[in-house]
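Before any comments, here is the structure.
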Amino acid sequence: MDLFRTKSVERIGADTTGEGDIAHVGRLRRHLTARHLVGFGIGIVIGTGIFTLTGIQARDAAGPAVVVSFAIAGVVALLAALCYAELAASVPTAGSAYSYAYATVGELIAWIIGWDLFLEFALGAAVVARGWSGYVGNLLDLPESMFGEESTVNLGAALIVVVLTVVAALGIRESARVTNVLVVVKVAVCVFVVVAGVWFVRGANLTPFVPAGRPSEGGDGWDQPLVSAVAGLEPAVFGIGGVLTAAAVVFFSYTGFEAVANLSEETRRPGRDVPLGLLGTLGLATALYIGVSFVLVGMVDYADIDAGAPIADAFDQVGLGWAAALVALAAVAGLTSVILVDLITMTRIGFAMGRDGLLPPAAAKVHPRTGTPLRMTLVFAALVLVTATVVPLEELADLVSIGTLFAFVLVSAAVPILRRTRPDLERPFRVPFSPVVPILSALACLYLMANLSIETWVRFGAWLAVGLLFYALYGYRHSRVRRRAAAETPAP
């Protein structure tokens, strides 16, 4: 039963003050407001998805109905965001889903979810860093041997990781300022794309809105979605099946909004600001995704969409080539902010786990001058740096989606569990129609997970197996909750 020992909400709250037996660790500083949280949320959500996945999924899977795919993915993300909002407002602490799992279903599940979040944010940062390098390399005509995907050592990815690590280490306010500038740039360009592009939308390009389904040319064996293999269905594209498959893929575009919940311990009024930050992020992101995807498939026939730079190419096709420069600027700003927020979020999760003893104590040490977990920042940045520099990651991007969805399932389950076990807990924000909404959220996330490939599931299982081994060798023996319980148990 030690494996499923929970950590009380009161203990979680006490740890955020940095007092008692963790006084040597220090505490994070509360500098953030709802405006900062929306900036961080948009900073990580609006990135590669709006500039690449929109075109790929419209051309290869859903046609003009990719707009519906983004709407479906947005609804699923919103359901999960409501669950995050209640828990983050009630238990404002670093670690988000990891901490919520610790308070509801126990230490082992909390470790699994923390390990899973490392995968989501570390791999996400590395993937985007390589994407940033390739984009800047093409934009400035830099040598592919150092900035291309086929490079042995990707110099561009290393450069951006180092620069943003310095920003993340300086302090949360400094990071917020940089993020907000980048967010203003890319949101302004996204609005420009919608406003300028809507004049070139043609009804013929939107007909048929849902192209007739047909068998997929690939996608068999390990590459086919898990749901197809289990149900014995032939993988298909377009039609309703193609729209749902595209929804599972473009869900990647929404990943990262939970970073807002990870910053609740550094928020001045978490009970008010965190729900506003989460829902504001999802509302704005969903509106931009739907608007941009609609304009894209309305400007050009979905079969003629360029997979590499769909938005810029669409403006080229209608004679507005100069607009491609603005799109490129927004893409670089978007990718930069995603990497920065990924680095910040990872370190807060590691900080929370180090404070609980599941990671070495150095992970939870707050630098007295910057108010950030500096050592944790440098360690994770080093891991991202190595991964982004030498490992081609395009085929691993789906791991980010499955890791995020798995976290959402556990967070959704935590809401009704905590309501039953702690009905007295003050909840500044409450999920409406609970437990119906949390159950719908969990089921929707599970369904999207089932639409990912078997190969992705196998890799995800291997990552969790490595995490369980680490927990058995270190985390279990050094757990502060287990040690405290053992010290309080009277001798026979």
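Letters A, B, ... mark the chains of the structure tokens in the order given; residue numbers begin at 1 per chain; ligand numbers begin at 1, in order shown.
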Listing only residues of stretch 244-297 of chain A within 8 Å of stretch 195-209 of chain A, what is the closest atom pair and its distance in Å (to one decimal) for each, using only C-alpha atoms, sorted by chain and residue number ascending, as JSON lines?
```
{"residue": "A:Val295", "atom": "CA", "partner": "A:Val198", "partner_atom": "CA", "distance": 5.7}
{"residue": "A:Leu296", "atom": "CA", "partner": "A:Gly197", "partner_atom": "CA", "distance": 7.6}
{"residue": "A:Val297", "atom": "CA", "partner": "A:Asn205", "partner_atom": "CA", "distance": 6.6}
```
Subject >> Neighbour list for stretch 300-315 of chain A as a PyMOL selection string, cut-off 7 Å, only C-alpha atoms, skip fewer than 4 positions in-chain >> reply: chain A and resi 51-52+55-56+58-59+63-64+205+296+319-321+323-324+327
Output N, CA and C atoms of each residue in that selection to a file, as a JSON list (two decimals), in the first residue's frame.
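Saved result, part-v8.json, follows:
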```
[["chain", "number", "residue", "atom", "x", "y", "z"],
["A", 51, "PHE", "N", 1.07, 26.24, -38.29],
["A", 51, "PHE", "CA", 1.87, 26.56, -39.48],
["A", 51, "PHE", "C", 2.18, 25.33, -40.34],
["A", 52, "THR", "N", 2.01, 24.11, -39.80],
["A", 52, "THR", "CA", 2.35, 22.92, -40.60],
["A", 52, "THR", "C", 1.23, 21.88, -40.59],
["A", 55, "GLY", "N", -2.01, 22.24, -42.91],
["A", 55, "GLY", "CA", -1.91, 21.87, -44.32],
["A", 55, "GLY", "C", -1.78, 20.38, -44.53],
["A", 56, "ILE", "N", -0.97, 19.72, -43.71],
["A", 56, "ILE", "CA", -0.73, 18.29, -43.88],
["A", 56, "ILE", "C", -2.03, 17.50, -43.71],
["A", 58, "ALA", "N", -5.16, 18.61, -43.83],
["A", 58, "ALA", "CA", -6.16, 18.95, -44.84],
["A", 58, "ALA", "C", -5.89, 18.20, -46.14],
["A", 59, "ARG", "N", -4.64, 18.15, -46.53],
["A", 59, "ARG", "CA", -4.27, 17.50, -47.79],
["A", 59, "ARG", "C", -4.37, 15.99, -47.73],
["A", 63, "GLY", "N", -9.36, 16.93, -45.75],
["A", 63, "GLY", "CA", -9.85, 17.90, -46.71],
["A", 63, "GLY", "C", -10.29, 19.18, -46.01],
["A", 64, "PRO", "N", -11.26, 19.92, -46.57],
["A", 64, "PRO", "CA", -11.73, 21.15, -45.92],
["A", 64, "PRO", "C", -12.26, 20.91, -44.51],
["A", 205, "ASN", "N", -13.55, 25.72, -53.46],
["A", 205, "ASN", "CA", -12.50, 25.03, -52.71],
["A", 205, "ASN", "C", -13.04, 24.33, -51.47],
["A", 296, "LEU", "N", -7.32, 28.84, -44.98],
["A", 296, "LEU", "CA", -6.37, 28.06, -45.78],
["A", 296, "LEU", "C", -7.10, 27.17, -46.79],
["A", 319, "GLY", "N", -1.39, 35.32, -55.28],
["A", 319, "GLY", "CA", -0.70, 36.53, -55.70],
["A", 319, "GLY", "C", -0.27, 37.47, -54.61],
["A", 320, "LEU", "N", -0.23, 37.02, -53.37],
["A", 320, "LEU", "CA", 0.21, 37.85, -52.25],
["A", 320, "LEU", "C", 1.48, 37.27, -51.65],
["A", 321, "GLY", "N", 2.50, 37.12, -52.48],
["A", 321, "GLY", "CA", 3.74, 36.52, -52.02],
["A", 321, "GLY", "C", 4.42, 37.29, -50.91],
["A", 323, "ALA", "N", 3.16, 38.47, -48.34],
["A", 323, "ALA", "CA", 2.63, 38.07, -47.04],
["A", 323, "ALA", "C", 3.39, 36.89, -46.46],
["A", 324, "ALA", "N", 4.11, 36.14, -47.31],
["A", 324, "ALA", "CA", 4.86, 34.99, -46.82],
["A", 324, "ALA", "C", 5.92, 35.40, -45.81],
["A", 327, "VAL", "N", 4.29, 35.63, -42.45],
["A", 327, "VAL", "CA", 4.03, 34.28, -41.94],
["A", 327, "VAL", "C", 5.31, 33.65, -41.39]]
```
Subject >> DSSP-assigned helix (DSSP H, G or I) among stretch 338-419 of chain A, expressed as a ChimeraX atom specification >> reply: /A:338-355,361-364,374-390,394-396,398-419
Original post:
Within 9 Å of stretch 466-479 of chain A, counting only C-alpha atoms, which residues qualify if same-chain residues fewer than 6 places away don't, as a PyMOL selection string?
Top reply: chain A and resi 2-3+107-108+111-112+115-116+356-360
For C-alpha atoms, I'd like the residues from the last selection saved as a PDB file, in the first residue's frame.
```
ATOM      1  CA  ASP A   2       3.009   2.319   0.340  1.00  0.00           C
ATOM      2  CA  LEU A   3       2.967   2.583  -3.453  1.00  0.00           C
ATOM      3  CA  GLU A 107       2.555   8.072  -5.185  1.00  0.00           C
ATOM      4  CA  LEU A 108       3.124   5.441  -7.860  1.00  0.00           C
ATOM      5  CA  TRP A 111       5.441   9.237 -10.400  1.00  0.00           C
ATOM      6  CA  ILE A 112       4.147   7.748 -13.649  1.00  0.00           C
ATOM      7  CA  TRP A 115       7.681  10.845 -15.778  1.00  0.00           C
ATOM      8  CA  ASP A 116       5.130  11.075 -18.583  1.00  0.00           C
ATOM      9  CA  ASP A 356       8.898  15.278  -2.575  1.00  0.00           C
ATOM     10  CA  GLY A 357      12.128  13.264  -2.617  1.00  0.00           C
ATOM     11  CA  LEU A 358      11.290  11.313  -5.772  1.00  0.00           C
ATOM     12  CA  LEU A 359      14.166  13.060  -7.549  1.00  0.00           C
ATOM     13  CA  PRO A 360      17.502  14.098  -5.979  1.00  0.00           C
TER      14      PRO A 360
END
```
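Coordinates place atom CA of A:Val185 at a distance of 8.0 Å from atom CA of A:Leu329.
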Taking a cut-off of 9 Å and counting only C-alpha atoms, can you build a table that, for each residue of stretch 58-177 of chain A near stretch 235-251 of chain A, reports the nearest atom pair and how far apart they are in Å (one decimal), sorted by chain then residue number, as CSV?
```
residue,atom,partner,partner_atom,distance
A:Ala58,CA,A:Ala246,CA,8.3
A:Asp60,CA,A:Val237,CA,7.2
A:Ala61,CA,A:Val237,CA,4.8
A:Ala62,CA,A:Phe238,CA,4.6
A:Gly63,CA,A:Phe238,CA,6.7
A:Ala65,CA,A:Val243,CA,6.6
A:Val66,CA,A:Val243,CA,6.5
A:Val68,CA,A:Val243,CA,7.2
A:Ser69,CA,A:Ala247,CA,4.3
A:Phe70,CA,A:Ala247,CA,6.1
A:Ala71,CA,A:Ala247,CA,8.2
A:Ile72,CA,A:Ala247,CA,6.3
A:Ala73,CA,A:Phe251,CA,5.2
A:Gly74,CA,A:Phe251,CA,7.6
A:Val76,CA,A:Phe251,CA,8.6
A:Ala77,CA,A:Phe251,CA,7.9
```
Pull the closest atom pair for each residue of stretch 69-145 of chain A that gets at most 12 Å from stretch 254-277 of chain A, along with the distance in Å to one decimal, counting only C-alpha atoms, ordering rows by chain and then ascending residue number, as CSV.
```
residue,atom,partner,partner_atom,distance
A:Phe70,CA,A:Tyr254,CA,9.2
A:Ala71,CA,A:Tyr254,CA,10.9
A:Ile72,CA,A:Tyr254,CA,11.2
A:Ala73,CA,A:Tyr254,CA,7.7
A:Gly74,CA,A:Tyr254,CA,7.2
A:Val75,CA,A:Tyr254,CA,10.4
A:Val76,CA,A:Tyr254,CA,9.6
A:Ala77,CA,A:Tyr254,CA,6.9
A:Leu78,CA,A:Tyr254,CA,9.7
A:Ala80,CA,A:Glu258,CA,9.0
A:Ala81,CA,A:Glu258,CA,7.4
A:Leu82,CA,A:Pro275,CA,7.8
A:Cys83,CA,A:Pro275,CA,9.7
A:Tyr84,CA,A:Ala261,CA,6.8
A:Ala85,CA,A:Pro275,CA,4.7
A:Glu86,CA,A:Pro275,CA,7.4
A:Leu87,CA,A:Ala261,CA,8.6
A:Ala88,CA,A:Ala261,CA,5.7
A:Ala89,CA,A:Gly271,CA,4.1
A:Ser90,CA,A:Gly271,CA,6.7
A:Val91,CA,A:Ser264,CA,8.6
A:Pro92,CA,A:Ser264,CA,5.0
A:Thr93,CA,A:Glu265,CA,4.5
A:Ala94,CA,A:Asn262,CA,5.0
A:Gly95,CA,A:Asn262,CA,5.3
A:Ser96,CA,A:Asn262,CA,4.9
A:Ala97,CA,A:Asn262,CA,8.2
A:Tyr98,CA,A:Asn262,CA,9.5
A:Ser99,CA,A:Asn262,CA,9.6
A:Tyr100,CA,A:Ala261,CA,10.7
A:Gly114,CA,A:Asn262,CA,11.7
A:Leu117,CA,A:Gly256,CA,10.1
A:Glu120,CA,A:Gly256,CA,8.5
A:Phe121,CA,A:Gly256,CA,7.8
A:Ala122,CA,A:Gly256,CA,11.5
A:Leu123,CA,A:Gly256,CA,12.0
A:Gly124,CA,A:Gly256,CA,9.0
A:Ala125,CA,A:Gly256,CA,10.6
```
Can you pull out the residues contacting A:Leu164? Cut-off 9 Å, using only C-alpha atoms, and skip same-chain residues under 5 positions away; I want them as a PDB file with C-alpha atoms, in the first residue's frame.
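What landed in out_14.pdb:
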```pdb
ATOM      1  CA  LEU A 159      21.905  27.730 -30.360  1.00  0.00           C
ATOM      2  CA  ALA A 169      17.206  30.872 -15.683  1.00  0.00           C
ATOM      3  CA  SER A 175      10.610  34.873 -19.164  1.00  0.00           C
ATOM      4  CA  THR A 336      10.731  30.288 -30.049  1.00  0.00           C
ATOM      5  CA  SER A 337       8.028  30.817 -27.432  1.00  0.00           C
ATOM      6  CA  ILE A 339      10.656  26.088 -26.597  1.00  0.00           C
ATOM      7  CA  LEU A 340      10.896  28.676 -23.809  1.00  0.00           C
ATOM      8  CA  LEU A 343      11.821  24.571 -20.631  1.00  0.00           C
TER       9      LEU A 343
END
```
**OP:** Record the distance separating atom CA of A:Arg29 and atom CA of A:Ile160, expressed in Å with one decimal.
**Re:** 26.1 Å
**OP:** Write out as a count of residues only the residues lying within 9 Å of A:Trp457, counting only C-alpha atoms and excluding same-chain residues fewer than 4 positions away.
**Re:** 9
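Nearest-residue note for A:Phe408: choosing from A:Val38, A:Cys445, A:Val161, A:Ala486, the minimum distance belongs to A:Cys445, counting only C-alpha atoms.
Using only C-alpha atoms, the smallest distance between any of A:Ala328, A:Val366, A:Val178, A:Val400 and A:Val163 comes from A:Val178.
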